[in-house]
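Raw contents of coords-v9.cif, mmCIF, C-alpha atoms and all ligand atoms:
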```cif
data_query
loop_
_atom_site.label_atom_id
_atom_site.label_comp_id
_atom_site.auth_asym_id
_atom_site.auth_seq_id
_atom_site.Cartn_x
_atom_site.Cartn_y
_atom_site.Cartn_z
CA MET A 23 7.58 8.72 23.64
CA ASP A 24 9.51 6.07 21.67
CA PRO A 25 7.34 3.82 19.49
CA LEU A 26 7.15 0.31 20.91
CA ARG A 27 9.76 -1.89 19.26
CA LEU A 28 8.13 -5.04 17.88
CA GLU A 29 10.89 -7.58 18.41
CA GLY A 30 9.19 -10.05 16.08
CA LEU A 31 9.50 -7.76 13.07
CA ALA A 32 13.20 -6.93 13.40
CA GLY A 33 15.21 -8.18 10.45
CA ARG A 34 12.18 -9.63 8.64
CA ASP A 35 11.00 -9.04 5.06
CA LEU A 36 7.69 -7.32 4.40
CA LEU A 37 6.45 -8.84 1.15
CA SER A 38 2.83 -9.45 2.14
CA LEU A 39 0.58 -8.43 5.02
CA ALA A 40 -0.43 -12.10 5.15
CA ASP A 41 2.96 -12.69 6.84
CA LEU A 42 1.98 -10.51 9.82
CA SER A 43 -0.01 -11.44 12.91
CA ARG A 44 -2.91 -9.26 14.02
CA GLU A 45 -0.75 -7.99 16.88
CA GLU A 46 2.13 -7.11 14.54
CA PHE A 47 -0.18 -5.23 12.17
CA ALA A 48 -1.79 -3.32 15.05
CA GLY A 49 1.69 -2.58 16.45
CA LEU A 50 2.84 -1.26 13.08
CA LEU A 51 -0.15 1.11 12.96
CA ASP A 52 0.52 2.20 16.56
CA SER A 53 4.17 2.92 15.85
CA ALA A 54 3.27 4.91 12.71
CA VAL A 55 0.86 7.06 14.71
CA THR A 56 3.48 7.62 17.45
CA LEU A 57 6.20 8.51 14.92
CA LYS A 58 3.79 10.88 13.16
CA GLN A 59 2.77 12.63 16.39
CA ASN A 60 6.36 12.84 17.59
CA TRP A 61 7.55 14.34 14.30
CA LYS A 62 4.80 16.96 14.39
CA ARG A 63 5.73 17.83 18.00
CA GLY A 64 9.37 18.24 17.03
CA VAL A 65 10.50 14.98 18.69
CA ARG A 66 12.81 13.59 16.01
CA PRO A 67 15.38 11.03 17.21
CA PRO A 68 17.67 9.70 14.45
CA TYR A 69 16.68 6.06 15.01
CA LEU A 70 18.30 5.01 11.72
CA ALA A 71 21.45 7.15 11.85
CA GLN A 72 23.91 5.96 9.18
CA ARG A 73 21.58 3.18 8.02
CA THR A 74 20.88 2.84 4.30
CA LEU A 75 18.03 1.71 2.05
CA ALA A 76 18.27 0.71 -1.64
CA MET A 77 15.11 1.54 -3.59
CA ILE A 78 14.60 -0.49 -6.79
CA PHE A 79 11.92 0.63 -9.24
CA GLU A 80 10.95 -1.45 -12.28
CA LYS A 81 7.88 0.81 -12.67
CA PRO A 82 7.15 4.53 -12.20
CA SER A 83 6.29 6.05 -8.81
CA LEU A 84 5.60 9.40 -7.19
CA ARG A 85 4.38 8.60 -3.68
CA THR A 86 6.35 5.42 -2.86
CA ARG A 87 9.63 6.80 -4.15
CA THR A 88 9.31 10.18 -2.44
CA THR A 89 8.05 8.92 0.90
CA PHE A 90 10.53 6.06 1.36
CA ASP A 91 13.35 8.49 0.57
CA ILE A 92 12.03 11.10 3.01
CA ALA A 93 11.29 8.43 5.62
CA MET A 94 14.94 7.36 5.64
CA TYR A 95 16.11 10.98 5.79
CA GLN A 96 13.78 11.90 8.65
CA LEU A 97 14.97 8.84 10.61
CA GLY A 98 18.60 9.92 10.16
CA GLY A 99 19.48 7.45 7.41
CA HIS A 100 19.95 7.59 3.65
CA ALA A 101 18.18 6.11 0.60
CA VAL A 102 19.74 5.22 -2.75
CA LEU A 103 17.49 5.22 -5.82
CA LEU A 104 18.06 2.43 -8.36
CA ASP A 105 15.81 2.64 -11.39
CA GLN A 106 15.44 -0.27 -13.76
CA ALA A 107 16.95 1.61 -16.72
CA SER A 108 20.21 1.89 -14.76
CA ILE A 109 20.53 -1.45 -12.96
CA GLY A 110 18.67 -3.82 -15.34
CA LEU A 111 17.39 -6.14 -12.60
CA GLY A 112 17.23 -9.60 -14.18
CA VAL A 113 18.46 -8.17 -17.50
CA ARG A 114 21.90 -6.61 -16.99
CA GLU A 115 22.52 -9.06 -14.16
CA THR A 116 20.57 -11.69 -12.28
CA VAL A 117 18.21 -10.92 -9.43
CA ARG A 118 20.45 -13.05 -7.22
CA ASP A 119 23.57 -11.04 -8.10
CA VAL A 120 21.78 -7.74 -7.45
CA ALA A 121 20.51 -9.02 -4.09
CA THR A 122 23.93 -10.33 -3.11
CA ASN A 123 25.72 -7.11 -4.04
CA LEU A 124 23.22 -4.85 -2.31
CA SER A 125 23.37 -6.97 0.84
CA ARG A 126 27.09 -6.05 1.16
CA TRP A 127 26.29 -2.31 1.22
CA VAL A 128 22.81 -1.49 2.46
CA ASP A 129 20.69 -2.33 5.51
CA ALA A 130 17.43 -2.91 3.62
CA ILE A 131 16.00 -3.10 0.11
CA MET A 132 12.64 -1.75 -1.02
CA ALA A 133 11.58 -2.89 -4.49
CA ARG A 134 8.73 -2.20 -6.89
CA THR A 135 8.56 -5.01 -9.44
CA HIS A 136 6.34 -6.34 -12.17
CA ALA A 137 6.32 -10.03 -11.16
CA HIS A 138 5.81 -10.79 -7.48
CA ALA A 139 8.28 -13.67 -8.01
CA THR A 140 11.06 -11.10 -8.57
CA LEU A 141 10.47 -9.84 -5.03
CA THR A 142 10.49 -13.31 -3.52
CA GLN A 143 13.75 -14.03 -5.37
CA LEU A 144 15.27 -10.81 -4.06
CA ALA A 145 14.21 -11.76 -0.55
CA GLU A 146 15.55 -15.29 -0.94
CA HIS A 147 19.01 -14.06 -1.91
CA ALA A 148 19.32 -10.86 0.15
CA SER A 149 20.67 -11.10 3.68
CA VAL A 150 18.91 -7.81 4.58
CA PRO A 151 15.14 -7.14 4.88
CA VAL A 152 13.25 -6.72 1.60
CA VAL A 153 10.10 -4.55 1.51
CA ASN A 154 7.47 -4.84 -1.22
CA GLY A 155 6.98 -1.38 -2.76
CA LEU A 156 4.30 -2.83 -5.09
CA SER A 157 4.20 -5.93 -7.27
CA ASP A 158 1.58 -7.17 -9.71
CA LEU A 159 0.08 -9.15 -6.82
CA LEU A 160 0.31 -6.88 -3.76
CA HIS A 161 0.87 -3.36 -2.44
CA PRO A 162 1.19 -3.87 1.33
CA THR A 163 2.77 -0.53 2.29
CA GLN A 164 -0.18 1.27 0.69
CA ALA A 165 -2.61 -0.75 2.79
CA VAL A 166 -0.67 0.14 5.97
CA ALA A 167 -1.06 3.84 5.11
CA ASP A 168 -4.74 3.29 4.32
CA TYR A 169 -5.32 1.67 7.69
CA ILE A 170 -3.52 4.48 9.52
CA THR A 171 -5.96 6.83 7.74
CA LEU A 172 -8.95 4.71 8.75
CA ARG A 173 -7.75 4.58 12.36
CA GLU A 174 -7.37 8.36 12.46
CA ARG A 175 -10.91 8.74 11.12
CA PHE A 176 -12.77 6.00 12.92
CA GLY A 177 -10.70 4.89 15.93
CA ASP A 178 -11.70 1.25 16.46
CA LEU A 179 -11.80 -0.58 13.13
CA GLN A 180 -13.53 -3.78 14.25
CA GLY A 181 -16.65 -4.23 12.10
CA LEU A 182 -16.00 -1.15 9.94
CA GLU A 183 -17.61 -1.59 6.49
CA LEU A 184 -15.11 -0.97 3.70
CA VAL A 185 -16.27 -1.35 0.11
CA TYR A 186 -13.69 -1.68 -2.67
CA VAL A 187 -15.12 -0.95 -6.11
CA GLY A 188 -13.05 -1.87 -9.17
CA ASP A 189 -10.34 -4.27 -10.27
CA GLY A 190 -9.35 -7.14 -7.96
CA ASN A 191 -5.72 -6.05 -8.32
CA ASN A 192 -2.65 -5.56 -6.09
CA ILE A 193 -4.42 -2.89 -3.99
CA CYS A 194 -7.51 -5.02 -3.59
CA ASN A 195 -5.49 -8.13 -2.67
CA SER A 196 -3.60 -6.23 0.04
CA HIS A 197 -6.92 -4.95 1.37
CA VAL A 198 -8.19 -8.52 1.59
CA ASN A 199 -5.14 -9.30 3.73
CA ALA A 200 -5.52 -6.15 5.83
CA ALA A 201 -9.22 -6.77 6.47
CA ALA A 202 -8.31 -10.18 7.91
CA LEU A 203 -5.82 -8.51 10.28
CA ALA A 204 -8.09 -5.70 11.47
CA GLY A 205 -11.53 -7.31 11.62
CA VAL A 206 -12.87 -4.98 8.93
CA ALA A 207 -15.86 -6.20 6.88
CA LEU A 208 -14.70 -5.89 3.26
CA THR A 209 -16.97 -6.02 0.21
CA VAL A 210 -15.31 -6.18 -3.20
CA ALA A 211 -17.53 -5.08 -6.10
CA CYS A 212 -16.02 -5.97 -9.48
CA PRO A 213 -17.11 -7.16 -12.93
CA PRO A 214 -17.10 -10.98 -13.31
CA GLY A 215 -13.56 -12.06 -14.17
CA TYR A 216 -11.90 -9.26 -12.16
CA GLU A 217 -12.14 -10.81 -8.68
CA PRO A 218 -9.23 -10.68 -6.19
CA ASP A 219 -6.67 -13.49 -6.34
CA ALA A 220 -8.59 -16.70 -5.54
CA ALA A 221 -5.86 -18.42 -3.50
CA LEU A 222 -5.13 -15.28 -1.49
CA LEU A 223 -8.84 -14.76 -0.81
CA ALA A 224 -9.31 -18.36 0.33
CA ALA A 225 -6.28 -18.10 2.63
CA ALA A 226 -7.52 -14.81 4.12
CA ARG A 227 -10.96 -16.28 4.73
CA ALA A 228 -9.33 -19.26 6.42
CA ARG A 229 -7.63 -16.75 8.75
CA GLY A 230 -11.03 -15.27 9.60
CA ALA A 231 -11.38 -12.50 7.01
CA CYS A 232 -14.92 -11.30 6.42
CA VAL A 233 -14.82 -10.63 2.65
CA GLU A 234 -17.74 -10.67 0.25
CA VAL A 235 -17.40 -10.42 -3.56
CA VAL A 236 -20.33 -8.91 -5.48
CA HIS A 237 -21.01 -7.52 -8.95
CA ASP A 238 -23.29 -4.51 -8.34
CA PRO A 239 -20.97 -1.61 -7.40
CA ARG A 240 -23.56 1.10 -6.79
CA GLU A 241 -25.61 -1.11 -4.52
CA ALA A 242 -22.47 -2.25 -2.65
CA ALA A 243 -21.35 1.36 -2.07
CA ARG A 244 -24.62 2.42 -0.42
CA GLY A 245 -24.13 2.87 3.32
CA ALA A 246 -20.37 2.09 3.26
CA ASP A 247 -18.13 3.61 5.94
CA ALA A 248 -15.28 3.76 3.42
CA LEU A 249 -15.52 3.50 -0.35
CA TYR A 250 -12.19 2.66 -2.04
CA THR A 251 -11.25 2.52 -5.68
CA ASP A 252 -8.14 2.14 -7.82
CA VAL A 253 -7.29 2.31 -11.52
CA TRP A 254 -8.86 -0.16 -13.96
CA VAL A 255 -5.58 -0.43 -15.87
CA SER A 256 -2.61 -1.03 -13.61
CA MET A 257 0.99 -0.34 -14.61
CA GLY A 258 2.11 -2.97 -17.13
CA MET A 259 -1.43 -3.82 -18.31
CA GLU A 260 -1.71 -1.02 -20.87
CA GLU A 261 -2.41 -3.40 -23.75
CA GLU A 262 -5.66 -4.42 -21.98
CA SER A 263 -6.88 -0.81 -21.70
CA GLU A 264 -9.64 -1.00 -24.30
CA ARG A 265 -11.17 -4.22 -23.00
CA ARG A 266 -10.97 -3.04 -19.40
CA ARG A 267 -12.65 0.29 -20.15
CA ARG A 268 -15.52 -1.68 -21.70
CA ASP A 269 -15.75 -4.20 -18.86
CA PHE A 270 -15.73 -1.51 -16.13
CA ALA A 271 -18.55 0.57 -17.64
CA GLY A 272 -20.76 1.74 -14.74
CA TYR A 273 -17.87 1.62 -12.22
CA THR A 274 -16.98 5.35 -12.31
CA ILE A 275 -17.37 6.86 -8.83
CA THR A 276 -18.86 10.37 -8.87
CA PRO A 277 -19.87 12.68 -6.00
CA ALA A 278 -23.44 11.27 -6.32
CA TRP A 279 -22.11 7.93 -5.02
CA LEU A 280 -20.48 9.69 -2.06
CA GLU A 281 -23.81 11.20 -0.99
CA GLU A 282 -25.06 7.64 -0.41
CA LEU A 283 -22.31 6.49 1.97
CA SER A 284 -22.97 6.08 5.69
CA PRO A 285 -23.17 9.46 7.51
CA ARG A 286 -19.50 9.07 8.53
CA GLY A 287 -18.48 7.60 5.15
CA VAL A 288 -15.22 8.52 3.41
CA PHE A 289 -13.83 8.12 -0.12
CA MET A 290 -10.40 6.53 -0.62
CA HIS A 291 -7.99 6.09 -3.55
CA ASP A 292 -4.30 5.15 -3.47
CA LEU A 293 -3.43 7.35 -6.51
CA PRO A 294 -2.49 7.94 -9.25
CA ALA A 295 -6.07 8.38 -10.47
CA HIS A 296 -7.26 8.01 -14.06
CA TYR A 297 -9.98 10.65 -14.04
CA GLY A 298 -13.08 9.73 -15.99
CA GLU A 299 -12.37 6.02 -15.50
CA GLU A 300 -12.55 4.68 -11.91
CA CYS A 301 -13.60 8.08 -10.51
CA THR A 302 -13.96 11.74 -11.36
CA GLU A 303 -11.66 14.52 -10.19
CA GLU A 304 -14.62 15.91 -8.20
CA ALA A 305 -14.73 12.70 -6.13
CA VAL A 306 -11.03 12.97 -5.22
CA TYR A 307 -11.45 16.61 -4.15
CA HIS A 308 -14.85 16.00 -2.49
CA GLU A 309 -15.33 16.91 1.19
CA ARG A 310 -15.68 13.19 1.99
CA SER A 311 -12.36 12.35 0.36
CA VAL A 312 -9.41 11.27 2.56
CA VAL A 313 -7.25 10.58 -0.49
CA PHE A 314 -4.52 13.06 0.43
CA ASP A 315 -4.50 11.86 4.06
CA GLN A 316 -3.73 8.42 2.64
CA ALA A 317 -0.93 9.92 0.55
CA GLU A 318 0.46 11.78 3.59
CA ASN A 319 0.30 8.62 5.67
CA ARG A 320 2.51 6.75 3.21
CA LEU A 321 5.38 8.68 4.81
CA HIS A 322 4.42 7.68 8.35
CA ALA A 323 3.69 4.08 7.33
CA HIS A 324 7.13 3.77 5.77
CA LYS A 325 8.84 5.31 8.79
CA ALA A 326 7.14 2.74 11.01
CA ILE A 327 8.05 -0.15 8.71
CA LEU A 328 11.71 0.91 8.48
CA PHE A 329 11.84 1.59 12.22
CA GLN A 330 10.47 -1.85 13.04
CA LEU A 331 12.59 -3.80 10.54
CA LEU A 332 15.83 -1.90 11.25
CA ALA A 333 15.85 0.11 14.47
CA ALA A 334 14.27 -2.64 16.51
CA GLU A 335 16.90 -5.00 15.08
CA ALA A 336 19.72 -2.74 16.29
CA ALA A 337 18.21 -2.30 19.77
N1 LIG B 1 0.03 4.87 -4.45
C1 LIG B 1 1.27 4.71 -4.93
O1 LIG B 1 1.92 3.70 -4.71
O2 LIG B 1 1.72 5.75 -5.68
P1 LIG B 1 3.03 5.73 -6.60
O3 LIG B 1 2.77 4.72 -7.69
O4 LIG B 1 3.14 7.12 -7.13
O5 LIG B 1 4.20 5.33 -5.77
N1 LIG B 2 -3.00 -0.90 -9.18
C1 LIG B 2 -2.10 0.20 -9.44
C2 LIG B 2 -1.59 0.77 -8.15
C3 LIG B 2 -0.69 1.98 -8.33
C4 LIG B 2 -0.16 2.50 -7.02
C5 LIG B 2 -0.96 -0.27 -10.31
O1 LIG B 2 -0.42 -1.35 -10.05
O2 LIG B 2 -0.62 0.42 -11.26
#
```

Can the structure from this file be put into structure tokens for me?
Amino acid sequence: MDPLRLEGLAGRDLLSLADLSREEFAGLLDSAVTLKQNWKRGVRPPYLAQRTLAMIFEKPSLRTRTTFDIAMYQLGGHAVLLDQASIGLGVRETVRDVATNLSRWVDAIMARTHAHATLTQLAEHASVPVVNGLSDLLHPTQAVADYITLRERFGDLQGLELVYVGDGNNICNSHVNAAALAGVALTVACPPGYEPDAALLAAARARGACVEVVHDPREAARGADALYTDVWVSMGMEEESERRRRDFAGYTITPAWLEELSPRGVFMHDLPAHYGEECTEEAVYHERSVVFDQAENRLHAHKAILFQLLAAEAA
């Protein structure tokens, strides 16, 4: 069965989940599940034959880089890797010039940047869709994979209790946006001063998001259906490491925390993990962990995103 083509997404950028409607987000998850099932059954149409994706990385990556590349290949297209050391985005030439050049050659651009503003500039000047592969503010493609994982585990997500313990960073901000789209009840437990982006949180609440921010992580985690964490020190924040390690004392998730989840509760992490900081290695390899399902679902999330932005456009 072909995944449903969401006409509304064709040709659009995907910089933030806040730009999607509830129906579009649900449709993206549906199409990822269909593409995943089809692939596993050997149904593999080359929806993106001869289409191309440029992948720009200002920061390191294992999962995003590998899975976008494989996603293009499995859909019949091709990905070109452009690392910052080679292209010097905004250094060797302007963001506008890079966007204008790439638009003459490729069908879409995926970029991982430091400043979110670099992504919005790329999108402003590119005539092809731009996908956010992580910025300092957001990581939307990760949240799509996380929600595929939650759907596989729990089916209906309405009212599911997801607790995010840690820094109110790019992962957390995208989960605030995703919770608004899926009707998930999100609790963010963080030290004072590490809350999710205030403007983004207010906007998500205005769209109906049920998000609570608290400062007692262990108490928040008790009874959760899904407990999520991410690094205390994100890429580019290394000079804050010492202060952050002090401020996040008591936020290390161990298997003991996982014993206190709801009976169906799962542990989630986007990876890479900094073992001994936000969690232990035992937590990631615990029987309640779905961490590697999340990693696997990055591939299927990216196939769905590329299919919707590009194949639906060509249809
Ligand atoms: N989770 C994630 O985005 O991993 P990478 O940084 O390895 O791409
Ligand atoms: N918050 C982390 C996510 C890595 C995928 C970072 O930005 O480094």

Neighbourhood of ligand LIG 1 (chain B) at 7 Å, counting only C-alpha atoms and all ligand atoms, reported as a PyMOL selection string: chain A and resi 82-87+156+164+292-294

Just the residues within 6 Å of region 28-39 of chain A, please, counting all atoms listed in the file, with nothing from its chain fewer than 5 positions along; format it as number ranges by chain. A: 151-154, 162, 199, 330-331, 334-335

Measuring atom to atom with all atoms listed in the file, identify which of A:Ala243, A:Val288, A:Leu332, A:Val255 is nearest to Val312 (chain A).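 Closest residue, counting all atoms listed in the file: A:Val288.
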
Residues of region 131-238 of chain A that approach region 111-119 of chain A to 7 Å or less, counting all atoms listed in the file: could you list each one with the shortest pair of atoms and its distance in Å to one decimal, rows by chain and increasing residue number, as CSV?
```
residue,atom,partner,partner_atom,distance
A:Gln143,CA,A:Val117,CA,6.8
A:Leu144,CA,A:Val117,CA,6.1
A:His147,CA,A:Arg118,CA,5.6
```

Around the point (-16.4, 13.0, -1.9) (coordinates from the file), which residues reach within 9 Å if we count only C-alpha atoms? Answer as a PyMOL selection string. chain A and resi 276-281+288-290+304-312

Report as a ChimeraX atom specification which protein, DNA and RNA residues come within 6 Å of ligand LIG 2 (chain B), using only C-alpha atoms and all ligand atoms. /A:191-193,253,256-257,293

Gap from CA of Trp254 (chain A) to CA of Pro218 (chain A) - Å, one decimal: 13.1 Å

Hey, which of A:Leu184, A:Thr140, A:Glu80, A:Ala231 ends up closest to Val198 (chain A)? Count all atoms listed in the file.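 Closest candidate: A:Ala231.
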
Around (-23.2, 1.9, -4.0) in the file's own coordinates, what residues are found within 9 Å if you use all atoms listed in the file, given back as a list of chain:residue names? A:Val185, A:Val187, A:Asp238, A:Pro239, A:Arg240, A:Glu241, A:Ala242, A:Ala243, A:Arg244, A:Gly245, A:Ala246, A:Leu249, A:Trp279, A:Leu280, A:Glu282, A:Leu283

Using all atoms listed in the file, which residues sit within 8 Å of Cys301 (chain A) once same-chain residues fewer than 5 positions away are excluded, as a ChimeraX atom specification? /A:251,273-276,295-296,306

Grab the CA of His291 (chain A) to CA of Ala323 (chain A) distance for me, in Å with one decimal place.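 Going from CA of His291 (chain A) over to CA of Ala323 (chain A), I get 16.1 Å.
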
Fewer than 6 positions away in the same chain doesn't count, so skip those; otherwise give me all residues within 7 Å of Gly181 (chain A), counting all atoms listed in the file, as a list in words.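 Listing them by chain and then by number gives Gly205, Val206 and Ala207 of chain A.
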
Dump C-alpha atoms for the selected residues as a PDB file, keeping the file's coordinate frame?
```pdb
ATOM      1  CA  GLY A 205     -11.530  -7.310  11.620  1.00  0.00           C
ATOM      2  CA  VAL A 206     -12.870  -4.980   8.930  1.00  0.00           C
ATOM      3  CA  ALA A 207     -15.860  -6.200   6.880  1.00  0.00           C
TER       4      ALA A 207
END
```

List the spatial neighbours of Phe176 (chain A) as a VMD selection string - criterion: any atom at most 12 Å away, only C-alpha atoms, same-chain residues fewer than 6 positions off excluded. chain A and resid 169 to 170 182 to 184 206 247 to 248 286 to 288

Kindly save the residues from that selection, with C-alpha atoms included, as a compact mmCIF listing (two decimals), keeping the file's coordinate frame.
```
# COMPACT_ATOMS: atom_id res chain seq x y z
CA TYR A 169 -5.32 1.67 7.69
CA ILE A 170 -3.52 4.48 9.52
CA LEU A 182 -16.00 -1.15 9.94
CA GLU A 183 -17.61 -1.59 6.49
CA LEU A 184 -15.11 -0.97 3.70
CA VAL A 206 -12.87 -4.98 8.93
CA ASP A 247 -18.13 3.61 5.94
CA ALA A 248 -15.28 3.76 3.42
CA ARG A 286 -19.50 9.07 8.53
CA GLY A 287 -18.48 7.60 5.15
CA VAL A 288 -15.22 8.52 3.41
```

Please complete region 134-148 of chain A so it has N, CA, C and O atoms, and hand it over as a CSV table (one decimal), in the frame of the given file.
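Contents of the output file rebuild.csv:
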```csv
chain,number,residue,atom,x,y,z
A,134,ARG,N,10.0,-2.2,-6.1
A,134,ARG,CA,8.7,-2.2,-6.9
A,134,ARG,C,9.0,-3.0,-8.2
A,134,ARG,O,9.8,-2.6,-9.0
A,135,THR,N,8.3,-4.1,-8.3
A,135,THR,CA,8.6,-5.0,-9.4
A,135,THR,C,7.3,-5.3,-10.2
A,135,THR,O,6.2,-5.1,-9.8
A,136,HIS,N,7.5,-5.8,-11.4
A,136,HIS,CA,6.3,-6.3,-12.2
A,136,HIS,C,5.9,-7.7,-11.5
A,136,HIS,O,4.9,-7.7,-10.8
A,137,ALA,N,6.7,-8.7,-11.7
A,137,ALA,CA,6.3,-10.0,-11.2
A,137,ALA,C,6.6,-10.1,-9.7
A,137,ALA,O,7.6,-9.6,-9.2
A,138,HIS,N,5.6,-10.6,-8.9
A,138,HIS,CA,5.8,-10.8,-7.5
A,138,HIS,C,7.0,-11.8,-7.2
A,138,HIS,O,7.7,-11.6,-6.2
A,139,ALA,N,7.2,-12.7,-8.2
A,139,ALA,CA,8.3,-13.7,-8.0
A,139,ALA,C,9.6,-13.0,-8.0
A,139,ALA,O,10.6,-13.5,-7.3
A,140,THR,N,9.8,-11.8,-8.6
A,140,THR,CA,11.1,-11.1,-8.6
A,140,THR,C,11.3,-10.7,-7.1
A,140,THR,O,12.5,-10.8,-6.7
A,141,LEU,N,10.3,-10.3,-6.4
A,141,LEU,CA,10.5,-9.8,-5.0
A,141,LEU,C,10.8,-11.0,-4.2
A,141,LEU,O,11.7,-10.9,-3.3
A,142,THR,N,10.2,-12.2,-4.4
A,142,THR,CA,10.5,-13.3,-3.5
A,142,THR,C,11.9,-13.8,-3.8
A,142,THR,O,12.6,-14.2,-2.9
A,143,GLN,N,12.4,-13.7,-5.1
A,143,GLN,CA,13.8,-14.0,-5.4
A,143,GLN,C,14.7,-13.1,-4.7
A,143,GLN,O,15.8,-13.5,-4.2
A,144,LEU,N,14.4,-11.8,-4.7
A,144,LEU,CA,15.3,-10.8,-4.1
A,144,LEU,C,15.4,-11.2,-2.6
A,144,LEU,O,16.5,-11.2,-2.0
A,145,ALA,N,14.2,-11.5,-2.0
A,145,ALA,CA,14.2,-11.8,-0.6
A,145,ALA,C,15.0,-13.0,-0.2
A,145,ALA,O,15.7,-13.2,0.8
A,146,GLU,N,14.9,-14.0,-1.2
A,146,GLU,CA,15.6,-15.3,-0.9
A,146,GLU,C,17.1,-15.1,-0.9
A,146,GLU,O,17.8,-15.7,-0.1
A,147,HIS,N,17.6,-14.2,-1.8
A,147,HIS,CA,19.0,-14.1,-1.9
A,147,HIS,C,19.6,-12.9,-1.1
A,147,HIS,O,20.8,-12.9,-1.0
A,148,ALA,N,18.8,-12.0,-0.6
A,148,ALA,CA,19.3,-10.9,0.2
A,148,ALA,C,19.5,-11.3,1.6
A,148,ALA,O,18.6,-12.0,2.1
```
